[in-house]
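Q: Quick one, model-v9.txt (compact mmCIF, C-alpha atoms and all ligand atoms):
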# COMPACT_ATOMS: atom_id res chain seq x y z
CA MET A 30 16.48 68.62 -25.71
CA LEU A 31 18.67 71.71 -25.83
CA PRO A 32 18.10 74.35 -28.52
CA GLN A 33 20.57 73.92 -31.41
CA ASN A 34 22.68 76.94 -30.50
CA LYS A 35 23.06 75.58 -26.92
CA CYS A 36 24.36 72.14 -27.90
CA PRO A 37 27.78 71.33 -26.49
CA PRO A 38 30.42 70.51 -29.08
CA GLU A 39 31.13 66.86 -29.67
CA ILE A 40 34.31 65.74 -27.96
CA GLU A 41 36.62 65.18 -30.93
CA ASP A 42 39.84 64.47 -29.14
CA TYR A 43 41.01 63.10 -25.80
CA VAL A 44 44.49 63.69 -24.37
CA SER A 45 45.69 62.04 -21.19
CA ALA A 46 48.60 64.32 -20.30
CA GLN A 47 51.47 62.68 -18.44
CA SER A 48 53.44 65.87 -17.78
CA LEU A 49 52.82 69.60 -17.44
CA ALA A 50 54.47 70.16 -20.83
CA GLU A 51 51.99 67.74 -22.46
CA ALA A 52 49.05 69.35 -20.65
CA VAL A 53 49.88 72.92 -21.68
CA ALA A 54 50.63 71.76 -25.25
CA ALA A 55 47.15 70.18 -25.42
CA MET A 56 45.57 73.42 -24.18
CA ALA A 57 47.69 75.74 -26.37
CA ASP A 58 45.16 76.35 -29.18
CA GLY A 59 42.40 77.28 -26.72
CA GLN A 60 40.28 74.30 -27.80
CA GLY A 61 40.90 72.16 -24.71
CA SER A 62 38.88 71.63 -21.52
CA ALA A 63 40.82 70.46 -18.50
CA LEU A 64 39.37 67.40 -16.83
CA ALA A 65 40.29 67.13 -13.15
CA GLY A 66 37.75 65.39 -10.87
CA GLY A 67 34.96 65.82 -13.42
CA SER A 68 32.38 66.55 -10.68
CA ASP A 69 31.42 69.86 -12.33
CA LEU A 70 32.53 69.31 -15.90
CA TRP A 71 30.64 66.05 -16.33
CA ALA A 72 27.48 67.34 -14.68
CA GLN A 73 27.54 70.42 -16.94
CA LYS A 74 28.59 68.60 -20.10
CA ASP A 75 25.20 68.81 -21.81
CA SER A 76 24.19 72.19 -20.44
CA GLY A 77 25.56 74.18 -23.36
CA ASN A 78 27.31 76.58 -20.97
CA GLY A 79 30.30 76.69 -23.29
CA ARG A 80 32.83 75.22 -20.88
CA MET A 81 33.17 71.88 -22.66
CA ARG A 82 35.42 72.41 -25.65
CA LYS A 83 36.19 69.88 -28.35
CA ARG A 84 39.38 68.44 -26.80
CA LEU A 85 39.19 66.84 -23.36
CA VAL A 86 42.53 67.19 -21.58
CA ASN A 87 42.79 64.81 -18.64
CA ILE A 88 45.27 66.38 -16.21
CA ASN A 89 45.01 63.75 -13.47
CA ARG A 90 48.34 62.11 -14.29
CA VAL A 91 50.37 65.33 -14.19
CA PRO A 92 52.62 65.05 -11.11
CA ASP A 93 53.47 68.80 -11.11
CA LEU A 94 49.80 69.64 -10.40
CA ARG A 95 49.69 67.51 -7.24
CA GLY A 96 50.87 67.88 -3.68
CA VAL A 97 50.51 69.94 -0.52
CA SER A 98 53.81 71.43 0.65
CA GLU A 99 55.34 74.21 2.73
CA ALA A 100 58.63 75.96 2.02
CA GLY A 101 59.99 79.35 3.11
CA GLY A 102 56.82 80.28 4.98
CA VAL A 103 54.57 79.60 1.97
CA ILE A 104 52.03 76.79 1.66
CA ARG A 105 51.41 75.48 -1.85
CA LEU A 106 48.41 73.40 -2.89
CA GLY A 107 48.69 71.78 -6.30
CA ALA A 108 45.59 72.32 -8.43
CA LEU A 109 44.71 68.62 -8.16
CA THR A 110 44.52 68.74 -4.36
CA THR A 111 41.19 67.17 -3.44
CA MET A 112 38.78 68.08 -0.66
CA THR A 113 39.67 64.77 1.02
CA GLU A 114 43.33 65.83 1.03
CA LEU A 115 42.36 69.14 2.67
CA LEU A 116 40.65 67.09 5.37
CA GLU A 117 43.45 64.59 5.82
CA SER A 118 46.68 66.59 5.37
CA THR A 119 48.45 66.85 8.73
CA LEU A 120 50.20 70.05 7.61
CA LEU A 121 46.88 71.73 6.79
CA ARG A 122 45.04 70.42 9.83
CA ASP A 123 47.80 71.83 12.05
CA LYS A 124 48.44 75.13 10.31
CA VAL A 125 45.25 76.01 8.41
CA PRO A 126 42.34 74.17 10.04
CA VAL A 127 39.83 76.44 8.29
CA LEU A 128 40.53 74.52 5.06
CA ALA A 129 39.68 71.20 6.69
CA LYS A 130 36.55 72.77 8.21
CA THR A 131 35.47 73.90 4.76
CA ALA A 132 36.14 70.50 3.18
CA ASP A 133 34.12 68.92 5.98
CA ARG A 134 31.03 70.86 4.77
CA PHE A 135 31.70 70.09 1.10
CA ALA A 136 29.45 67.61 -0.74
CA SER A 137 29.81 63.94 0.29
CA SER A 138 32.88 61.79 0.79
CA GLN A 139 32.57 60.35 -2.71
CA ILE A 140 32.62 63.83 -4.28
CA ARG A 141 35.35 65.04 -1.89
CA ASN A 142 37.56 62.21 -3.13
CA VAL A 143 37.53 63.62 -6.68
CA ALA A 144 36.66 67.33 -6.37
CA THR A 145 39.80 69.44 -6.69
CA ILE A 146 40.81 72.93 -5.61
CA GLY A 147 41.69 73.81 -9.23
CA GLY A 148 38.27 72.69 -10.44
CA ASN A 149 36.46 74.60 -7.68
CA ILE A 150 38.34 77.79 -8.62
CA ALA A 151 38.13 77.39 -12.42
CA ASN A 152 34.42 76.57 -12.29
CA ALA A 153 33.86 80.07 -10.83
CA SER A 154 30.53 79.30 -9.24
CA PRO A 155 29.36 82.09 -6.91
CA ALA A 156 28.65 79.19 -4.49
CA GLY A 157 32.09 77.56 -4.74
CA ASP A 158 32.99 76.81 -1.13
CA ALA A 159 36.74 76.15 -1.16
CA VAL A 160 37.41 79.52 -2.77
CA LEU A 161 36.25 81.45 0.32
CA PRO A 162 38.94 80.39 2.84
CA LEU A 163 41.58 80.72 0.11
CA ILE A 164 40.57 84.36 -0.45
CA GLY A 165 40.54 84.69 3.35
CA LEU A 166 44.18 83.54 3.29
CA ASP A 167 45.13 86.10 0.58
CA ALA A 168 45.99 83.21 -1.75
CA GLN A 169 47.64 83.72 -5.11
CA VAL A 170 46.60 81.53 -8.02
CA GLU A 171 49.34 80.32 -10.34
CA LEU A 172 48.38 79.97 -14.00
CA VAL A 173 50.48 78.17 -16.54
CA SER A 174 50.37 77.97 -20.33
CA LYS A 175 52.77 77.40 -23.21
CA ARG A 176 53.40 81.15 -23.06
CA GLY A 177 54.69 80.94 -19.46
CA LYS A 178 53.56 81.35 -15.89
CA ARG A 179 51.76 84.13 -14.03
CA SER A 180 50.43 84.57 -10.53
CA LEU A 181 47.56 86.79 -9.44
CA PRO A 182 45.52 87.30 -6.29
CA LEU A 183 42.62 84.84 -6.16
CA ASP A 184 40.52 87.80 -5.01
CA SER A 185 40.84 89.36 -8.50
CA PHE A 186 40.38 86.12 -10.46
CA PHE A 187 36.58 86.06 -10.83
CA ARG A 188 34.58 88.12 -13.32
CA GLY A 189 31.06 86.67 -12.93
CA PRO A 190 29.27 83.33 -12.71
CA GLY A 191 31.49 80.89 -14.64
CA LYS A 192 33.75 83.74 -15.77
CA THR A 193 37.36 84.34 -14.79
CA VAL A 194 40.41 86.19 -16.05
CA MET A 195 41.97 82.85 -17.07
CA GLU A 196 42.68 82.58 -20.83
CA ALA A 197 41.49 79.54 -22.80
CA ASP A 198 45.04 78.17 -23.12
CA GLU A 199 45.80 78.43 -19.38
CA LEU A 200 45.67 75.90 -16.58
CA ILE A 201 45.60 76.52 -12.86
CA ALA A 202 48.83 74.98 -11.57
CA ALA A 203 48.52 75.74 -7.85
CA VAL A 204 47.41 78.15 -5.15
CA GLU A 205 49.85 79.58 -2.64
CA PHE A 206 49.49 81.56 0.56
CA ALA A 207 51.70 82.62 3.47
CA THR A 208 51.69 80.14 6.36
CA PRO A 209 49.25 81.71 8.83
CA PRO A 210 51.00 83.26 11.86
CA LYS A 211 50.34 82.44 15.51
CA GLY A 212 46.89 83.61 16.58
CA PHE A 213 45.39 83.10 13.12
CA HIS A 214 41.65 82.60 13.38
CA GLY A 215 39.55 81.24 10.53
CA VAL A 216 35.93 80.12 10.43
CA PHE A 217 33.71 78.82 7.66
CA CYS A 218 29.90 78.79 7.88
CA LYS A 219 27.52 77.39 5.31
CA SER A 220 23.76 77.38 5.04
CA GLY A 221 21.55 75.06 3.05
CA PRO A 222 18.43 73.03 3.67
CA ARG A 223 20.41 69.82 4.28
CA PRO A 224 23.41 69.30 6.57
CA ALA A 225 25.46 67.69 3.79
CA LEU A 226 25.54 67.39 -0.01
CA GLU A 227 24.24 70.91 -0.29
CA ILE A 228 24.94 73.81 -2.59
CA SER A 229 25.47 76.84 -0.37
CA VAL A 230 22.54 79.20 0.00
CA VAL A 231 24.95 81.48 1.88
CA ALA A 232 28.52 80.70 2.90
CA MET A 233 30.91 82.89 4.86
CA CYS A 234 34.56 82.78 5.77
CA LEU A 235 36.04 85.13 8.37
CA THR A 236 39.78 85.19 9.01
CA GLY A 237 42.24 87.40 10.91
CA ILE A 238 44.64 87.47 13.83
CA LEU A 239 42.64 87.14 17.02
CA LYS A 240 44.09 88.61 20.19
CA GLY A 241 42.35 90.02 23.25
CA GLY A 242 38.94 89.97 21.59
CA LYS A 243 40.15 91.99 18.58
CA LEU A 244 40.52 90.75 15.03
CA THR A 245 43.44 92.31 13.16
CA GLY A 246 43.78 92.19 9.36
CA PRO A 247 40.34 90.61 8.97
CA ARG A 248 39.11 89.12 5.72
CA LEU A 249 35.35 88.68 5.35
CA VAL A 250 34.33 86.67 2.30
CA PHE A 251 30.85 85.52 1.29
CA GLY A 252 29.66 82.97 -1.25
CA ALA A 253 26.27 82.78 -3.01
CA VAL A 254 25.39 86.41 -2.27
CA GLY A 255 26.54 87.91 -5.56
CA PRO A 256 27.87 87.00 -9.01
CA THR A 257 31.31 86.10 -7.63
CA PRO A 258 32.72 85.30 -4.19
CA MET A 259 32.52 88.68 -2.41
CA ARG A 260 34.92 90.33 0.00
CA CYS A 261 33.39 92.95 2.27
CA VAL A 262 36.27 95.41 2.48
CA LYS A 263 34.35 98.23 4.20
CA THR A 264 33.25 95.86 6.96
CA GLU A 265 36.81 94.54 7.27
CA ALA A 266 38.14 98.11 7.68
CA LEU A 267 35.45 98.92 10.26
CA ILE A 268 36.29 96.02 12.59
CA ASP A 269 40.06 95.88 12.03
CA GLY A 270 41.83 95.79 15.42
CA LYS A 271 38.83 97.18 17.33
CA ALA A 272 37.06 95.88 20.44
CA LEU A 273 34.04 93.97 19.15
CA ASP A 274 31.33 95.49 21.31
CA ASP A 275 27.58 95.41 20.61
CA ALA A 276 27.57 98.79 18.85
CA LEU A 277 30.45 97.88 16.52
CA ILE A 278 28.91 94.51 15.66
CA ALA A 279 25.57 96.17 14.86
CA GLU A 280 27.35 98.66 12.59
CA ALA A 281 29.32 95.84 10.93
CA LEU A 282 26.09 93.94 10.16
CA ALA A 283 24.53 97.04 8.60
CA ILE A 284 27.59 97.85 6.45
CA MET A 285 28.07 94.25 5.35
CA ALA A 286 24.45 94.17 4.12
CA THR A 287 25.29 97.06 1.76
CA GLU A 288 28.36 95.26 0.39
CA ILE A 289 26.78 91.95 -0.62
CA ALA A 290 24.47 91.65 -3.63
CA PRO A 291 22.19 88.63 -3.10
CA ILE A 292 19.42 87.79 -5.54
CA ASP A 293 16.07 86.01 -5.32
CA ASP A 294 16.24 82.59 -6.94
CA PHE A 295 14.75 79.12 -6.53
CA ARG A 296 17.15 78.31 -3.64
CA ALA A 297 16.39 81.35 -1.45
CA SER A 298 15.18 84.92 -1.48
CA LYS A 299 17.39 87.98 -1.30
CA TRP A 300 15.84 88.73 2.12
CA TYR A 301 16.68 85.27 3.47
CA ARG A 302 20.24 85.39 2.17
CA THR A 303 20.81 88.79 3.80
CA GLN A 304 19.39 87.53 7.12
CA MET A 305 21.61 84.43 7.00
CA ALA A 306 24.71 86.47 6.15
CA GLN A 307 24.00 88.75 9.12
CA THR A 308 23.30 85.80 11.41
CA PHE A 309 26.63 84.17 10.51
CA LEU A 310 28.59 87.38 10.92
CA GLU A 311 26.94 88.30 14.23
CA ALA A 312 27.61 84.83 15.66
CA GLU A 313 31.24 84.75 14.56
CA LEU A 314 32.05 88.30 15.71
CA ASN A 315 30.47 87.52 19.09
CA ALA A 316 32.57 84.34 19.25
CA CYS A 317 35.72 86.46 18.83
CA ARG A 318 34.97 88.62 21.91
C1 LIG A 401 26.82 65.99 -5.88
C2 LIG A 401 27.72 67.20 -5.91
C3 LIG A 401 27.89 67.96 -4.76
C4 LIG A 401 28.71 69.10 -4.79
N1 LIG A 401 28.87 69.82 -3.64
C5 LIG A 401 29.66 70.92 -3.65
C6 LIG A 401 29.85 71.69 -2.46
O1 LIG A 401 29.36 71.35 -1.37
N2 LIG A 401 30.60 72.81 -2.54
C7 LIG A 401 31.17 73.22 -3.71
O2 LIG A 401 31.87 74.24 -3.74
N3 LIG A 401 31.02 72.50 -4.86
C8 LIG A 401 30.29 71.37 -4.85
N4 LIG A 401 30.13 70.64 -6.00
C9 LIG A 401 30.79 71.09 -7.24
C10 LIG A 401 32.17 70.44 -7.54
O3 LIG A 401 32.32 69.22 -6.87
C11 LIG A 401 33.33 71.37 -7.15
O4 LIG A 401 33.24 72.63 -7.79
C12 LIG A 401 34.70 70.74 -7.45
O5 LIG A 401 35.69 71.39 -6.68
C13 LIG A 401 35.10 70.78 -8.92
O6 LIG A 401 36.37 70.16 -9.04
P1 LIG A 401 36.65 69.03 -10.15
O7 LIG A 401 38.05 68.62 -9.95
O8 LIG A 401 35.63 67.95 -10.09
O9 LIG A 401 36.49 69.90 -11.46
P2 LIG A 401 36.09 69.42 -12.94
O10 LIG A 401 34.66 69.03 -12.98
O11 LIG A 401 37.09 68.47 -13.48
O12 LIG A 401 36.29 70.83 -13.68
C14 LIG A 401 35.46 71.95 -13.39
C15 LIG A 401 35.83 73.10 -14.35
O13 LIG A 401 37.14 73.56 -14.03
C16 LIG A 401 38.03 73.35 -15.15
N5 LIG A 401 39.29 72.91 -14.54
C17 LIG A 401 39.48 71.89 -13.66
N6 LIG A 401 40.75 71.86 -13.23
C18 LIG A 401 41.38 72.90 -13.87
C19 LIG A 401 42.72 73.39 -13.83
N7 LIG A 401 43.68 72.86 -13.05
N8 LIG A 401 43.01 74.46 -14.59
C20 LIG A 401 42.08 75.04 -15.37
N9 LIG A 401 40.79 74.62 -15.44
C21 LIG A 401 40.46 73.56 -14.69
C22 LIG A 401 37.35 72.32 -16.02
O14 LIG A 401 37.73 72.41 -17.38
C23 LIG A 401 35.88 72.67 -15.81
O15 LIG A 401 35.51 73.78 -16.59
C24 LIG A 401 29.34 69.48 -6.01
C25 LIG A 401 29.18 68.69 -7.16
C26 LIG A 401 28.38 67.56 -7.11
C27 LIG A 401 28.23 66.75 -8.37
Give the structure from the file, written as structure tokens.
A:
Amino acid sequence: MLPQNKCPPEIEDYVSAQSLAEAVAAMADGQGSALAGGSDLWAQKDSGNGRMRKRLVNINRVPDLRGVSEAGGVIRLGALTTMTELLESTLLRDKVPVLAKTADRFASSQIRNVATIGGNIANASPAGDAVLPLIGLDAQVELVSKRGKRSLPLDSFFRGPGKTVMEADELIAAVEFATPPKGFHGVFCKSGPRPALEISVVAMCLTGILKGGKLTGPRLVFGAVGPTPMRCVKTEALIDGKALDDALIAEALAIMATEIAPIDDFRASKWYRTQMAQTFLEAELNACR
């Protein structure tokens, strides 16, 4: 049994929003919890982590939060886009295969059918997988509330485990990113004791424009090696547009190890996480040569 001060509030009210206007109205007093796929919210319901508020706002029937589309060189993923949709969308498979590769390493097919992009972002787990390629794509997250709309870089959205800059009355409406240009290269690597249904012990996404063995405009993003998803900007600057020879790769591995902040916990030690992060980066930089 949880200590008294850790008990989740009773759910006093349930709203099944049929439109965006109804959803933001139900969230407006800051007492609502959005329910998307429920794969995190339900599992955490009794944990007392403070994310379950007294009004449950089911957003699944809000058409404006759905859909994968491309217009004017920008790809938009509605917050309710599921991992299965990332795997099955022809647009994404053709233009952003790194998203499908990530979804392919995500949970099991049952969970992928319900787990949404919006839920993965809002949950703000340091081990949230789908967030990594989206940061690697310089995605913007669109937030909506009764007060209006705002967009901010996904990279600046996270404040700590379970903590974001999102206000209690806001919903994630969508994520958007520029359609990757020709030559775009994106890889996702994930480590855990099992090949599937695994929470990442270390995950990495590396993106950039690959030409002649050089990666230009690289983005190097790690999961589960710090309190939030972590971009290694010094390592990115070091390798940007340069020939990836042995000496540069060795330097990149050393610098990257100073940028991540893994901890020892029951899943893995700090040492192991650092080794895995270096192993992933070394393999993927060598693959670019
Ligand atoms: C068995 C199992 C395996 C899993 N494996 C993985 C894995 O491999 N990789 C991984 O990253 N995760 C994994 N997860 C975690 C989970 O499936 C994902 O984080 C998923 O993307 C959450 O999405 P959801 O739609 O289910 O969110 P929900 O559970 O509905 O919501 C999660 C949180 O986000 C909030 N929220 C949801 N949508 C919005 C929105 N549009 N705007 C504002 N707030 C919102 C909710 O209020 C809640 O606080 C796993 C979970 C389970 C149970």
Q: Show me, as a compact mmCIF listing (two decimals) with C-alpha atoms, in the coordinates of the input, the residues that have an atom within 6 Å of Leu235 of chain A when counting all atoms listed in the file, minus same-chain residues fewer than 4 positions from it.
A:
# COMPACT_ATOMS: atom_id res chain seq x y z
CA GLY A 215 39.55 81.24 10.53
CA VAL A 216 35.93 80.12 10.43
CA ARG A 248 39.11 89.12 5.72
CA LEU A 249 35.35 88.68 5.35
Q: Which residue out of A:Ala202, A:Gly101, A:Met56, A:Ala316 has the minimum interatomic distance to ligand LIG 401 (chain A) when all atoms listed in the file are used?
A: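 Checking each candidate against ligand LIG 401 (chain A), we get A:Ala202 as the closest.
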Q: What are the closest atom pairs, with distances in Å to one decimal, for all residues of chain A lying within 7 Å of ligand LIG 401 (chain A)? Consider all atoms listed in the file, order rows by chain and residue number, and present the result as CSV.
A:
residue,atom,partner,partner_atom,distance
A:Ser62,CA,A:LIG401,O14,4.4
A:Ala63,CA,A:LIG401,O14,3.8
A:Leu64,CA,A:LIG401,O11,4.2
A:Ala65,CA,A:LIG401,O11,3.5
A:Gly66,CA,A:LIG401,O7,3.4
A:Gly67,CA,A:LIG401,O10,3.3
A:Ser68,CA,A:LIG401,O8,3.6
A:Asp69,CA,A:LIG401,O10,3.4
A:Leu70,CA,A:LIG401,O10,3.6
A:Trp71,CA,A:LIG401,O10,6.0
A:Ala72,CA,A:LIG401,C27,6.4
A:Arg80,CA,A:LIG401,O15,5.3
A:Met81,CA,A:LIG401,O15,6.8
A:Ala108,CA,A:LIG401,N7,5.0
A:Leu109,CA,A:LIG401,N7,6.6
A:Arg134,CA,A:LIG401,O1,6.4
A:Phe135,CA,A:LIG401,O1,3.6
A:Ala136,CA,A:LIG401,N1,3.7
A:Ser137,CA,A:LIG401,C3,6.7
A:Ile140,CA,A:LIG401,O3,6.0
A:Val143,CA,A:LIG401,O8,5.8
A:Ala144,CA,A:LIG401,O6,3.9
A:Thr145,CA,A:LIG401,O7,3.8
A:Ile146,CA,A:LIG401,O5,5.5
A:Gly147,CA,A:LIG401,N7,4.4
A:Gly148,CA,A:LIG401,O6,3.5
A:Asn149,CA,A:LIG401,O5,3.4
A:Ile150,CA,A:LIG401,O13,7.0
A:Ala151,CA,A:LIG401,O13,4.3
A:Asn152,CA,A:LIG401,C15,4.3
A:Ala156,CA,A:LIG401,O2,6.0
A:Gly157,CA,A:LIG401,O2,3.5
A:Asp158,CA,A:LIG401,O2,3.8
A:Ala159,CA,A:LIG401,O2,5.8
A:Glu199,CA,A:LIG401,C20,6.4
A:Leu200,CA,A:LIG401,N8,3.6
A:Ile201,CA,A:LIG401,N8,3.7
A:Ala202,CA,A:LIG401,N7,5.8
A:Leu226,CA,A:LIG401,C3,5.3
A:Glu227,CA,A:LIG401,O1,5.3
A:Ile228,CA,A:LIG401,O1,5.2
A:Ser229,CA,A:LIG401,O1,6.8
Q: Would you work out the distance separating atom CA of Leu273 of chain A from atom CA of Ala129 of chain A, expressed in Å to one decimal?
A: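 Value for the atom CA of Leu273 of chain A-atom CA of Ala129 of chain A distance: 26.6 Å.
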Q: For Gly246 of chain A, please output as an MDAnalysis selection string all residues within 12 Å (counting only C-alpha atoms; exclusion window: fewer than 5 positions along the same chain).
A: chainID A and resid 165:167 209:210 212:215 235:240 262 264:271
Q: My list of candidates is A:Leu85, A:Met233, A:Val194, A:Cys218. Which is closest to Ser45 of chain A when distances are computed with only C-alpha atoms?
A: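 With only C-alpha atoms as the atom set, the closest residue is A:Leu85.
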Q: What does the structure give for the distance between atom CA of Pro155 of chain A and atom CA of Val254 of chain A, in Å to one decimal?
A: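 Atom CA of Val254 of chain A lies at a distance of 7.5 Å from atom CA of Pro155 of chain A.
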Q: Would you mind reading off the distance between atom CA of Phe217 of chain A and atom CA of Gly107 of chain A, one decimal, in Å?
A: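 Distance reported for this atom pair: 21.7 Å.
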Q: Return segment 181-201 of chain A, completed with N, CA and C atoms, as a PDB file, in the coordinates of the input.
A:
ATOM      1  N   LEU A 181      48.396  85.632  -9.773  1.00  0.00           N
ATOM      2  CA  LEU A 181      47.560  86.790  -9.440  1.00  0.00           C
ATOM      3  C   LEU A 181      46.747  86.492  -8.199  1.00  0.00           C
ATOM      4  N   PRO A 182      46.319  87.544  -7.495  1.00  0.00           N
ATOM      5  CA  PRO A 182      45.520  87.300  -6.290  1.00  0.00           C
ATOM      6  C   PRO A 182      44.220  86.596  -6.661  1.00  0.00           C
ATOM      7  N   LEU A 183      43.876  85.564  -5.901  1.00  0.00           N
ATOM      8  CA  LEU A 183      42.620  84.840  -6.160  1.00  0.00           C
ATOM      9  C   LEU A 183      41.436  85.803  -6.085  1.00  0.00           C
ATOM     10  N   ASP A 184      41.568  86.794  -5.209  1.00  0.00           N
ATOM     11  CA  ASP A 184      40.520  87.800  -5.010  1.00  0.00           C
ATOM     12  C   ASP A 184      40.165  88.536  -6.311  1.00  0.00           C
ATOM     13  N   SER A 185      41.128  88.615  -7.258  1.00  0.00           N
ATOM     14  CA  SER A 185      40.840  89.360  -8.500  1.00  0.00           C
ATOM     15  C   SER A 185      40.646  88.408  -9.687  1.00  0.00           C
ATOM     16  N   PHE A 186      40.426  87.147  -9.414  1.00  0.00           N
ATOM     17  CA  PHE A 186      40.380  86.120 -10.460  1.00  0.00           C
ATOM     18  C   PHE A 186      38.995  86.007 -11.118  1.00  0.00           C
ATOM     19  N   PHE A 187      37.950  86.339 -10.363  1.00  0.00           N
ATOM     20  CA  PHE A 187      36.580  86.060 -10.830  1.00  0.00           C
ATOM     21  C   PHE A 187      35.958  87.273 -11.496  1.00  0.00           C
ATOM     22  N   ARG A 188      35.204  87.018 -12.587  1.00  0.00           N
ATOM     23  CA  ARG A 188      34.580  88.120 -13.320  1.00  0.00           C
ATOM     24  C   ARG A 188      33.054  88.028 -13.296  1.00  0.00           C
ATOM     25  N   GLY A 189      32.514  86.866 -12.947  1.00  0.00           N
ATOM     26  CA  GLY A 189      31.060  86.670 -12.930  1.00  0.00           C
ATOM     27  C   GLY A 189      30.802  85.181 -12.841  1.00  0.00           C
ATOM     28  N   PRO A 190      29.537  84.766 -12.802  1.00  0.00           N
ATOM     29  CA  PRO A 190      29.270  83.330 -12.710  1.00  0.00           C
ATOM     30  C   PRO A 190      29.915  82.594 -13.896  1.00  0.00           C
ATOM     31  N   GLY A 191      30.818  81.662 -13.592  1.00  0.00           N
ATOM     32  CA  GLY A 191      31.490  80.890 -14.640  1.00  0.00           C
ATOM     33  C   GLY A 191      32.536  81.660 -15.414  1.00  0.00           C
ATOM     34  N   LYS A 192      32.815  82.901 -14.995  1.00  0.00           N
ATOM     35  CA  LYS A 192      33.750  83.740 -15.770  1.00  0.00           C
ATOM     36  C   LYS A 192      34.955  84.143 -14.906  1.00  0.00           C
ATOM     37  N   THR A 193      36.135  83.986 -15.507  1.00  0.00           N
ATOM     38  CA  THR A 193      37.360  84.340 -14.790  1.00  0.00           C
ATOM     39  C   THR A 193      38.294  85.084 -15.736  1.00  0.00           C
ATOM     40  N   VAL A 194      39.432  85.520 -15.198  1.00  0.00           N
ATOM     41  CA  VAL A 194      40.410  86.190 -16.050  1.00  0.00           C
ATOM     42  C   VAL A 194      41.351  85.178 -16.724  1.00  0.00           C
ATOM     43  N   MET A 195      41.112  83.883 -16.477  1.00  0.00           N
ATOM     44  CA  MET A 195      41.970  82.850 -17.070  1.00  0.00           C
ATOM     45  C   MET A 195      41.722  82.782 -18.590  1.00  0.00           C
ATOM     46  N   GLU A 196      42.809  82.712 -19.371  1.00  0.00           N
ATOM     47  CA  GLU A 196      42.680  82.580 -20.830  1.00  0.00           C
ATOM     48  C   GLU A 196      42.402  81.115 -21.185  1.00  0.00           C
ATOM     49  N   ALA A 197      41.892  80.896 -22.392  1.00  0.00           N
ATOM     50  CA  ALA A 197      41.490  79.540 -22.800  1.00  0.00           C
ATOM     51  C   ALA A 197      42.662  78.565 -22.885  1.00  0.00           C
ATOM     52  N   ASP A 198      43.875  79.095 -23.025  1.00  0.00           N
ATOM     53  CA  ASP A 198      45.040  78.170 -23.120  1.00  0.00           C
ATOM     54  C   ASP A 198      45.703  77.956 -21.765  1.00  0.00           C
ATOM     55  N   GLU A 199      45.137  78.521 -20.693  1.00  0.00           N
ATOM     56  CA  GLU A 199      45.800  78.430 -19.380  1.00  0.00           C
ATOM     57  C   GLU A 199      45.209  77.327 -18.511  1.00  0.00           C
ATOM     58  N   LEU A 200      46.079  76.840 -17.629  1.00  0.00           N
ATOM     59  CA  LEU A 200      45.670  75.900 -16.580  1.00  0.00           C
ATOM     60  C   LEU A 200      45.997  76.512 -15.241  1.00  0.00           C
ATOM     61  N   ILE A 201      45.210  76.173 -14.237  1.00  0.00           N
ATOM     62  CA  ILE A 201      45.600  76.520 -12.860  1.00  0.00           C
ATOM     63  C   ILE A 201      46.622  75.466 -12.439  1.00  0.00           C
TER      64      ILE A 201
END
